[in-house]
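Inspection log for the structure reproduced underneath, given as structure tokens.
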Amino acid sequence: MNKPNKQPENIIGQNFGDIIITKEFDRTIRPNGTIIRNFEGVCKCGEIVNGTYQSIKEKQCCPTCKRERRRKEKMENILYKKYNKLTIIAEKREDNKVLCRCDCGNTKWIILNSVVNGITLSCGCYQKEMTRSYNSFPRDVKDKFGEDILRVREDKVKTEKFVEKIVEARILKSIISLCQRTDYKYSKYYLSRGIKVCDRWKGTNGLLNFLTDMGIRPSPKHKLQRLDIDKDFEPDNCVWYIKE
Ligand SMILES: [Zn+2]
Ligand SMILES: [Zn+2]
């Protein structure tokens with residue numbers, strides 16, 4: 001059983017954070033005998049706050065001030081942070097927009113959530129760049145994935161979900177891990193011999209570059225094969241190959 005909250009009889013005039021309790025406006029007695037007292041308070045901003053002693057004590061300020069405080073905290077956390085190609089450099093309160101500097105040098109006002117959640121990735125230059133890069137993909141990649149392939153550079157969660165579906169992505173992931181893992185029984189063929197995956201196939205654009213260089217796997221029987229096993233995984237040294 002909960003202990004009833006101790007309430008001093010004289011509550012009027014007490015301060016809780018930014019709220020000062022101004023009057024008691026209601027008192028209800030529950031069937032079990034508990035007395036529920038409702039108070040009215042004023043926040044330092046002038047807003048009226050109603051509630052029980054305990055709830056006002058916990059609030060510390062009105063909802064508007066609370067939102068404002070949260071917004072400020074949030075802003076402090078994100079100012080000068082970088083999201084994709086955008087760095088937040090200033091805020092505009094009314095319409096929830098922030099001023100961003102894009103990697104390309106442009107500045108633009110963009111809805112905060114859109115920046116933070118990775119919906120807007122750049123000032124707009126990225127879309128243009130994407131269209132250009134889409135045009136440069138090999139036909140087989142375009143035929144297989146359509147414009148969906150451009151999503152592999154979007155936010156991480158979406159990307160991972162999408163990438164799971166692409167067999168080429170899994171192959172790329174496995175060769176990268178082959179060349180990095182020390183605990184792997186085949187490390188002696190890769191890591192220990194200094195075999196690497198070229199930088200072009202790693203990082204944010206790695207998969208797109210890999211697909212651009214290698215195209216899609218021609219059939220499930222094809223394996224990614226190095227022509228010279230003393231050389232790295234790189235465009236000139238790799239082919240899709242069917243082992244006899
Ligand atoms: Zn307030
Ligand atoms: Zn830009």
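Chains: A, B, ... in order of the structure tokens. Residues: from 1 per chain. Ligands: from 1, in order shown.
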
TODO: Could the residues that lie within 8 Å of ligand 2, counting only C-alpha atoms and all ligand atoms, be listed as number ranges by chain?
DONE: A: 85-86, 101-107, 122-126

TODO: Select from segment 182-220 of chain A everything DSSP, run on the backbone, classes as alpha helix (DSSP H), then give the selection as a PyMOL selection string.
DONE: chain A and resi 206-214

C-alpha atoms of the current selection, written as a PDB file, in the first residue's frame:
```
ATOM      1  CA  GLY A 206      31.830   1.677 -50.894  1.00  0.00           C
ATOM      2  CA  LEU A 207      28.905  -0.395 -52.118  1.00  0.00           C
ATOM      3  CA  LEU A 208      28.006   2.038 -54.863  1.00  0.00           C
ATOM      4  CA  ASN A 209      31.595   2.078 -56.056  1.00  0.00           C
ATOM      5  CA  PHE A 210      31.787  -1.686 -55.850  1.00  0.00           C
ATOM      6  CA  LEU A 211      28.652  -2.049 -57.970  1.00  0.00           C
ATOM      7  CA  THR A 212      29.884   0.545 -60.400  1.00  0.00           C
ATOM      8  CA  ASP A 213      33.197  -1.251 -60.785  1.00  0.00           C
ATOM      9  CA  MET A 214      32.028  -4.853 -60.723  1.00  0.00           C
TER      10      MET A 214
END
```

Can you check which parts of chain A lie within 8 Å of ligand 1? Per residue, the shortest pair of atoms and distance in Å to one decimal, counting only C-alpha atoms and all ligand atoms, sorted by chain and number, as a Markdown table.
```
| residue | atom | partner | partner_atom_place_in_ligand_line | distance |
| --- | --- | --- | --- | --- |
| A:Asp18 | CA | ligand 1 | 1 (Zn) | 7.2 |
| A:Ile19 | CA | ligand 1 | 1 (Zn) | 7.9 |
| A:Val42 | CA | ligand 1 | 1 (Zn) | 7.9 |
| A:Cys43 | CA | ligand 1 | 1 (Zn) | 4.6 |
| A:Lys44 | CA | ligand 1 | 1 (Zn) | 5.6 |
| A:Cys45 | CA | ligand 1 | 1 (Zn) | 4.2 |
| A:Gly46 | CA | ligand 1 | 1 (Zn) | 6.3 |
| A:Glu47 | CA | ligand 1 | 1 (Zn) | 5.4 |
| A:Cys61 | CA | ligand 1 | 1 (Zn) | 5.4 |
| A:Cys62 | CA | ligand 1 | 1 (Zn) | 4.2 |
| A:Pro63 | CA | ligand 1 | 1 (Zn) | 6.7 |
| A:Thr64 | CA | ligand 1 | 1 (Zn) | 5.5 |
| A:Cys65 | CA | ligand 1 | 1 (Zn) | 4.2 |
| A:Lys66 | CA | ligand 1 | 1 (Zn) | 7.2 |
```

TODO: Mind checking which residues fall within 8 Å of Tyr241 of chain A, counting only C-alpha atoms, ignoring those fewer than 6 positions away in the same chain, and posting them as number ranges by chain?
DONE: A: 222-225

Restricting it to N, CA and C atoms, dump the selection as a JSON list (two decimals), in the first residue's frame.
```json
[["chain", "number", "residue", "atom", "x", "y", "z"],
["A", 222, "HIS", "N", 28.32, -17.48, -59.62],
["A", 222, "HIS", "CA", 29.55, -16.68, -59.72],
["A", 222, "HIS", "C", 30.09, -16.30, -58.35],
["A", 223, "LYS", "N", 31.41, -16.34, -58.27],
["A", 223, "LYS", "CA", 32.08, -15.90, -57.05],
["A", 223, "LYS", "C", 32.98, -14.72, -57.40],
["A", 224, "LEU", "N", 33.23, -13.90, -56.40],
["A", 224, "LEU", "CA", 34.17, -12.80, -56.64],
["A", 224, "LEU", "C", 35.58, -13.37, -56.54],
["A", 225, "GLN", "N", 36.32, -13.26, -57.60],
["A", 225, "GLN", "CA", 37.62, -13.90, -57.66],
["A", 225, "GLN", "C", 38.71, -12.87, -57.92]]
```

- [ ] From segment 73-187 of chain A, collect each residue whose DSSP state is strand (DSSP E) and return the set as a PyMOL selection string.
- [x] chain A and resi 82-83+86-92+97-102+107-111

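A straight line drawn from atom CA of Gly51 of chain A to atom CA of Arg93 of chain A is 29.3 Å long.
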
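Residues with any atom within 8 Å of Ile216 of chain A, counting only C-alpha atoms and excluding same-chain neighbours fewer than 3 positions away, are A:Asp140, A:Val141, A:Glu168, A:Leu211.
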
Can I get the selection written as a PDB file, in the first residue's frame, with C-alpha atoms?
```
ATOM      1  CA  ASP A 140      22.786  -4.153 -65.186  1.00  0.00           C
ATOM      2  CA  VAL A 141      22.850  -2.388 -61.823  1.00  0.00           C
ATOM      3  CA  GLU A 168      26.586  -7.976 -53.710  1.00  0.00           C
ATOM      4  CA  LEU A 211      28.652  -2.049 -57.970  1.00  0.00           C
TER       5      LEU A 211
END
```

- [ ] Can you work out the spacing between atom CA of Gln60 of chain A and atom CA of Glu40 of chain A in Å, to one decimal?
- [x]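 If I compute the distance from atom CA of Gln60 of chain A to atom CA of Glu40 of chain A, I get 13.1 Å.
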
Open item on the list: So, with only C-alpha atoms as the atoms that count, which of A:Ile29, A:Cys238, A:Ile11, A:Ala169 lies closest to Tyr53 of chain A?
Closed with: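 Of A:Ile29, A:Cys238, A:Ile11, A:Ala169, the one nearest Tyr53 of chain A, counting only C-alpha atoms, is A:Ile11.
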
Open item on the list: Please list as a ChimeraX atom specification every residue within 10 Å of Thr131 of chain A, counting only C-alpha atoms and excluding residues in the same chain fewer than 4 positions away.
Closed with: /A:126-127,135-136,147,150

Open item on the list: Report as a list of chain:residue names all protein, DNA and RNA residues lying within 7 Å of Thr52 of chain A, evaluated on only C-alpha atoms, omitting residues in the same chain fewer than 3 positions from it.
Closed with: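 Residues meeting the cut-off are A:Arg37, A:Asn38, A:Phe39, A:Ser55, A:Ile56.
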
- [ ] Measure the distance from atom CA of Pro235 of chain A to atom CA of Ser177 of chain A in Å and round it to one decimal.
- [x]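 Atom-to-atom, atom CA of Pro235 of chain A to atom CA of Ser177 of chain A, that is 17.8 Å.
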
TODO: Go through A:Leu191, A:Ile175, A:Leu99, A:Ile48 one by one, measure the shortest atom-to-atom distance of each to Arg226 of chain A using only C-alpha atoms, and give the residue with the smallest value.
DONE: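 With only C-alpha atoms as the atom set, the closest residue is A:Ile175.
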
TODO: Tell me which protein, DNA and RNA residues are within 10 Å of Val197 of chain A, counting only C-alpha atoms, leaving out same-chain ones fewer than 4 positions away, and put them as an NGL selection string.
DONE: :A and (172 or 175-180 or 190 or 201-202 or 231-235)

Atoms kept (C-alpha atoms) for selection, written as a short mmCIF file (atom, residue, chain, number, x, y, z; two decimals), in the first residue's frame:
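Full text of selection-v2.cif as output:
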```cif
data_model
loop_
_atom_site.label_atom_id
_atom_site.label_comp_id
_atom_site.auth_asym_id
_atom_site.auth_seq_id
_atom_site.Cartn_x
_atom_site.Cartn_y
_atom_site.Cartn_z
CA LEU A 172 31.47 -6.99 -50.18
CA ILE A 175 35.53 -9.72 -48.13
CA ILE A 176 36.01 -6.64 -45.97
CA SER A 177 35.68 -8.74 -42.85
CA LEU A 178 37.92 -11.47 -44.33
CA CYS A 179 40.72 -8.94 -44.61
CA GLN A 180 40.17 -7.48 -41.13
CA TYR A 190 44.23 -12.49 -46.17
CA TRP A 201 35.01 -0.15 -51.88
CA LYS A 202 34.88 0.86 -48.23
CA LYS A 231 47.10 -8.59 -54.81
CA ASP A 232 44.28 -6.75 -53.08
CA PHE A 233 40.57 -6.78 -53.70
CA GLU A 234 40.41 -3.91 -56.16
CA PRO A 235 38.64 -3.23 -59.46
#
```
